[in-house]
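Participant: Take this structure, written in structure tokens, and hold onto it; I'll ask about it next.
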Amino acid sequence: MSNSSSRGSSDIARHLHESEFHLSDYNWKLKRNKKKSKRKKGKEVDKGEIEMDEHVIDQSELFSRSGVDISKGLSEDQVAHQREQYGLNQLKPPKVTPWWLQLIKELFSGFNILLWIGAALCFVAAGITGTSDFSNIYLGAVLVIVIIFTALFSFYQRASSAAVVAGFLKMTPQTAVVLRNGIKSEIDARELVPGDIVDIKFGNKVPADLRLLESKGLKVDNASLTGESEPQPRSDEPTSENPLETRNLAFSGTNVTEGVGRGIVIKIGDETVIGHIAGLASGTSNEETPIHRDIHYFIKIIAVFAITMGVVLFLAGLAVYPILDNLIFAIGIIVANVPEALLATVTVQLTLTAKRLAKKNVLVKNLEAVETLGSTAVICSDKTGTLTQNIMTVTHVWTDDILSSVGDAISTAGSFDYSKPSNKAIVRVATLCNNAEYIIDTGKGEAGEHPDQALVDKKRKFFGIIPNPFYKAKDAKKKAGQRKKKQLRSSEKHVKKPLHSKKQISGAIDGVEVQNSNVRPQDRPARGDATEKALLHFTDPIVGGALEARQESTRIVEIPFSSTTKFQVSINKVSAGFVDEDTEGGTRKNGGKAGTALITLKGAPERVISRCGKIMINGEEVELTEEYKNKFQAAYDMLGGQGERVLGFAHLWLDPEEYDPETYEFDTEADTPNFPLGHNAEYTFIGLISLIDPPRPAVPKAVKLCQRAGIKVVMVTGDHPITAKAIAKQVNIIEAETLDEIAARLKKPVGEVSVKDTQAIVIHGAQLKEMTDAQLTEVLRVPQIVFARTSPTQKLRIVEGFQKLGYVVAVTGDGVNDSPALKKADIGVAMGKVGTDVAKDAADMILLDDNFASIVNGIREGRVIFDNLKKMIAYVMTANIPEIIPFVAFVILQVPLPLTTVLMMCISVGTDIAPAISIAYESAETDIMDRKPRDPRYDKLVGFRTIGWSYGQIGAFQAFAGMFVYFVVMSDYGFAPNDLFFAAQDWTDDGIKYTDQGAFDKDYRVAVLQLAQTAVFVSVMQVQWSCLLSCKTRKLSIFQKGMTNIQLTAALCFETVVAVLIVYLPGLGFVLGTRQLRFVHLFPALPFTLAILTYDETRKAMIRRWPNGWVARMTYY
């Protein structure tokens, strides 16, 4: 009944459509956009609109082109010739990077290149110096281990997140029924060639692009290609020059939902519409994520800084030290600057966040996409199934000149009162004139299983999450045992009850008590047309079982809906349960009687009311006057103008003496049926029912949260503009007057109102197709935007347009038509339950519950991870300065080396690892969702303020603490500071004594130096305590945030234990070159620890007090 319902607002919709979107003057000429977009590899990809004329030419010309005999099909010779020319009917699989190449990329990317060079130089230096000093070997080995561990970990994460099967291949049907040589046969769909005659029917997937030659009640589900929310009727006549709009084409990969048909193959494989979209998706390069760009930017800064400093100090040291020693020192400088654990900690942090999101029904395929979502400034959202429930639902009923609302089955009750006679009558017609039925679980499989359950299970197992029972089918017996079955009781008493309680369906409609169930009616799987399923879900709880009521009132004959008549007729022998007994004989005032035949009629309202001479008012059948017709038209126009799909309902009780349901032969095949069909206005008009795919309950609030966070939510849909606009207003995407509404208020043509004068606009795909890039840019700057009737190419263009304006763009979608935009977007978000495999493969994230509101969770987590990554990097970088300064002092001041490269590595990959990872567990600061989205062009993960805070402020404190401790320990063992300057060259010389006492010989000096180096190592660990506490927040005081992060507290203990083991564990000193410290030498750095904490608390207090002051501008990283 989709067509009848689509006709529901046909006249008013067409008028609005033409006046609002200027389509009356639009000439649909299919043009190929000659502009080509080149891939990086040089291969050109056509991003033009689909070009074909096979649907508009005469059938005879089409047969002539193919050389096919319509009565016999192609011959074997013709098939062989066509296959040689066009190949097999299959899509080329997307190219996949081999796993070994992915692993190599992980091993030799980013900081790993610097670390490989450093490790190689360490081994070279160890070979030159001989085996007396193992420190270079240890350092080289540690660097290699860090590289391999980081690469393997990252590779494993990405491999585990990849889609296993190419989605395009899954969309290809297996077999097709074809006519060849006059014989029908079932063949492999890949064997089809252009010109083949193919039969399709309910339940089939269309095997290729077909031009229909015959159609009987045929409907196809084009949602994955066009975004239309319900199946579309097909016919053998062209209705539009636009191939995506015409009704005489059926596209490869779409599902047949009703009827039968025959068509001729016009396109196969990559030439089909789905193949065209596949080419767009595969030819669209993945956008580099902001965090990926930021990390590479950071790598460049650090690499340039490290190499420059290494080279400068190498050249400066040539005047003092041998070349080999200088080379080793340069390696130390480079290694000291490189945060070896950065990539590992970033990967761990992304994984932890991905786990948290998985628990919130957001499945992450690309780990870096987690942070990207937090940077998102624009969300281009599909409508059907994302913003809406993807379930056609009855919303309004118009009877007795009263418009009643129907509850949303979740929280609102509505005003529909079943106790009224007219409402009972319209429910009776909606029940009997309906072919939808529930799908019964046969026990052969788990009904309701998640459509991508294998991927879900794999991900949840990887993330260590117990599978959500929402996605697991419930055991039928257990479910049956939980239901409380009650006998239906009719009541004339008007009782106000919610349509459905939040926990159960109970007491749904005024005037009737409904059986309890743990499943909402609209959640029960049903087969049939989307509109009829909605009517089934509406009537079933009211009548206590619509299917049973339909069986009791036996159907005698039916006239199915057709695109010509625009209505459906059903004649039933009505049971006593469907007759209002107001007399002893069980006869209604209008003559209806149990056991008699009742004709029920539903369809396009204007077609239905044209067959009516009466209208039901408060149960009485009165004359349908012009006054009532005007009231009908007003209600019809109002509902249609809201984007709702409207159906008219009527009935006629037949005289049992003339039309005895037991003996009369009703003939529906004759040109003129032998029963009243309304040509003489015999029918009684009962009322209207309107339907819509309603918004998800949580979406309006989620959109508001996005807007509060500075994120623009844009609807991009293939559905009708009026429907899109209505839903956009309901979910808060559009709140201001639209351009057409302003024009109507000002009584001006729409073309005379400037886009700059509006805050909201609705753009039709036809308009978008004619726009220049400059015009599109002007539209994209409008705060509230809806794009309707868009093609895949246009969705891609919209995304690119936003990206050119500097926005980070997220795209949601579920269909094949969404895949190019999903891949082009900075982050693509696919639907997990109704999404196609193609969409899931192109996306970076999958919403397991298909709920837009889940994106808000992702945005919040993405912003938290950006904050935490900033904190973590700031923490890791602060240790670089106390590691670098000792080398600078060694080269320039020639003091004995205060910190060895081995101990430096102990800091980087030993004591600092756990604290850095623990920052990932920090909760959000209070203003996380009140900030504007960050601009990746300026607000980078690592900026100069971050470097200034880490190196110039906290790092300086730490470096001063380390050198202070160094001089204190050396002094305690007899070496005053002035004894150490320019003493490095002679420190290990056997022939030199610093005093007259022999105790200051070489062995003693080496032992004291190792004690001082160990003390410096401990001091760096101690000042990192306060640094870690400072990094808990970027603005709040630690006393405001509190020590709620248990992992961070544990990390503080862990790094302390690691430091104690390094210093005091017997045998480890020989490997690492450490010595056991005296107790007193554990305390000199503690004052610096308190100083760092005091300084940073003061800085944050000034930022909070003066958020726009110079302290905030210079130090808020």
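Following the order of the structure tokens, chains are lettered A, B, ..., residues in each are numbered from 1, and ligands are numbered from 1.
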From a DSSP calculation on the backbone, collect every residue of range 816-863 of chain A in alpha helix (DSSP H) and output the set as a list in words.
Facilitator: Ser819, Pro820, Ala821, Leu822, Lys823, Lys824, Asp837, Val838, Ala839, Lys840, Asp841, Ala842, Ala853, Ser854, Ile855, Val856, Asn857, Gly858, Ile859, Arg860, Glu861, Gly862 and Arg863 of chain A
Participant: Could you pull the residues within 12 Å of Phe685 in chain A, counting only C-alpha atoms, minus those fewer than 5 positions along the same chain, as a ChimeraX atom specification?
Facilitator: /A:398-401,422,425-426,429,600-603,605-617,619-625,628-629,632,647-652,678
Participant: With only C-alpha atoms as the counted atoms, please give the residues lying no more than 9 Å from range 317-321 of chain A, apart from itself and same-chain residues fewer than 3 positions off, as a PDB file with N, CA, C and O atoms, in the first residue's frame.
Facilitator:
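The resulting result.pdb:
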```
ATOM      1  N   VAL A 312      73.992  19.690  16.232  1.00  0.00           N
ATOM      2  CA  VAL A 312      74.676  20.851  16.831  1.00  0.00           C
ATOM      3  C   VAL A 312      75.611  20.394  17.949  1.00  0.00           C
ATOM      4  O   VAL A 312      76.789  20.806  18.011  1.00  0.00           O
ATOM      5  N   LEU A 313      75.106  19.547  18.835  1.00  0.00           N
ATOM      6  CA  LEU A 313      75.954  19.090  19.944  1.00  0.00           C
ATOM      7  C   LEU A 313      77.067  18.164  19.457  1.00  0.00           C
ATOM      8  O   LEU A 313      78.151  18.132  20.042  1.00  0.00           O
ATOM      9  N   PHE A 314      76.785  17.414  18.384  1.00  0.00           N
ATOM     10  CA  PHE A 314      77.831  16.564  17.805  1.00  0.00           C
ATOM     11  C   PHE A 314      78.982  17.428  17.288  1.00  0.00           C
ATOM     12  O   PHE A 314      80.160  17.154  17.555  1.00  0.00           O
ATOM     13  N   LEU A 324      83.715   9.004  17.670  1.00  0.00           N
ATOM     14  CA  LEU A 324      82.844   7.899  18.074  1.00  0.00           C
ATOM     15  C   LEU A 324      82.052   8.255  19.327  1.00  0.00           C
ATOM     16  O   LEU A 324      80.837   8.019  19.398  1.00  0.00           O
ATOM     17  N   ASP A 325      82.729   8.868  20.301  1.00  0.00           N
ATOM     18  CA  ASP A 325      82.023   9.271  21.515  1.00  0.00           C
ATOM     19  C   ASP A 325      80.956  10.319  21.201  1.00  0.00           C
ATOM     20  O   ASP A 325      79.841  10.288  21.739  1.00  0.00           O
ATOM     21  N   ASN A 326      81.321  11.238  20.324  1.00  0.00           N
ATOM     22  CA  ASN A 326      80.345  12.263  19.928  1.00  0.00           C
ATOM     23  C   ASN A 326      79.123  11.653  19.252  1.00  0.00           C
ATOM     24  O   ASN A 326      77.991  12.102  19.444  1.00  0.00           O
ATOM     25  N   PHE A 329      76.926  10.206  21.830  1.00  0.00           N
ATOM     26  CA  PHE A 329      76.210  11.264  22.539  1.00  0.00           C
ATOM     27  C   PHE A 329      75.061  11.818  21.685  1.00  0.00           C
ATOM     28  O   PHE A 329      73.988  12.122  22.200  1.00  0.00           O
ATOM     29  N   VAL A 891      78.238  17.836  27.157  1.00  0.00           N
ATOM     30  CA  VAL A 891      78.948  18.277  25.966  1.00  0.00           C
ATOM     31  C   VAL A 891      79.530  19.679  26.143  1.00  0.00           C
ATOM     32  O   VAL A 891      80.691  19.929  25.808  1.00  0.00           O
ATOM     33  N   ILE A 892      78.736  20.590  26.691  1.00  0.00           N
ATOM     34  CA  ILE A 892      79.176  21.981  26.767  1.00  0.00           C
ATOM     35  C   ILE A 892      80.007  22.248  28.021  1.00  0.00           C
ATOM     36  O   ILE A 892      81.105  22.829  27.953  1.00  0.00           O
ATOM     37  N   GLN A 894      81.118  19.842  30.047  1.00  0.00           N
ATOM     38  CA  GLN A 894      82.029  18.708  30.200  1.00  0.00           C
ATOM     39  C   GLN A 894      82.028  18.132  31.625  1.00  0.00           C
ATOM     40  O   GLN A 894      83.057  17.694  32.133  1.00  0.00           O
ATOM     41  N   GLN A 985      86.484  14.317  30.501  1.00  0.00           N
ATOM     42  CA  GLN A 985      87.466  13.565  29.737  1.00  0.00           C
ATOM     43  C   GLN A 985      88.391  12.739  30.629  1.00  0.00           C
ATOM     44  O   GLN A 985      88.824  11.650  30.248  1.00  0.00           O
TER      45      GLN A 985
END
```
Participant: Using only C-alpha atoms, which residues sit within 8 Å of Val829 in chain A once same-chain residues fewer than 3 positions away are excluded, as a VMD selection string?
Facilitator: chain A and resid 810 to 813 822 840 843 to 847
Participant: Using only C-alpha atoms, can you tell me which of A:Tyr966, A:Lys216, A:Lys1032, A:Val311 comes closest to Thr564 in chain A?
Facilitator: A:Lys216
Participant: Compile the contact shell of range 790-796 of chain A as a list of chain:residue names: residues with an atom at most 6 Å away, counting only C-alpha atoms, same-chain residues fewer than 6 positions apart removed.
Facilitator: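 With the cut-off at 6 Å, the set is A:Gly718, A:Gly765, A:Asn817, A:Ala821.
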Participant: For a test of reading the model, state the distance in Å between CA of Ala889 in chain A and CA of Val1080 in chain A, rounded to one decimal.
Facilitator: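 That distance, rounded to one decimal, is 24.9 Å.
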Participant: Report as number ranges by chain all protein, DNA and RNA residues lying within 7 Å of Ile734 in chain A, evaluated on only C-alpha atoms, omitting residues in the same chain fewer than 6 positions from it.
Facilitator: A: 728, 760, 784
Participant: Tell me, as number ranges by chain, which residues lie within 10 Å of Thr272 in chain A, counting only C-alpha atoms; anything in the same chain fewer than 2 positions away does not count.
Facilitator: A: 50, 89-91, 208-210, 251-253, 266-270, 274-278
Participant: With only C-alpha atoms as the basis for distance, which of A:Ala681, A:Leu1036, A:Leu1086, A:Val731 is at the shortest distance from Arg1105 in chain A?
Facilitator: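 Nearest candidate to Arg1105 in chain A out of A:Ala681, A:Leu1036, A:Leu1086, A:Val731: A:Leu1036.
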Participant: CA of Ile117 in chain A and CA of Ala956 in chain A are how many Å apart?
Facilitator: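 It comes out at 28.2 Å.
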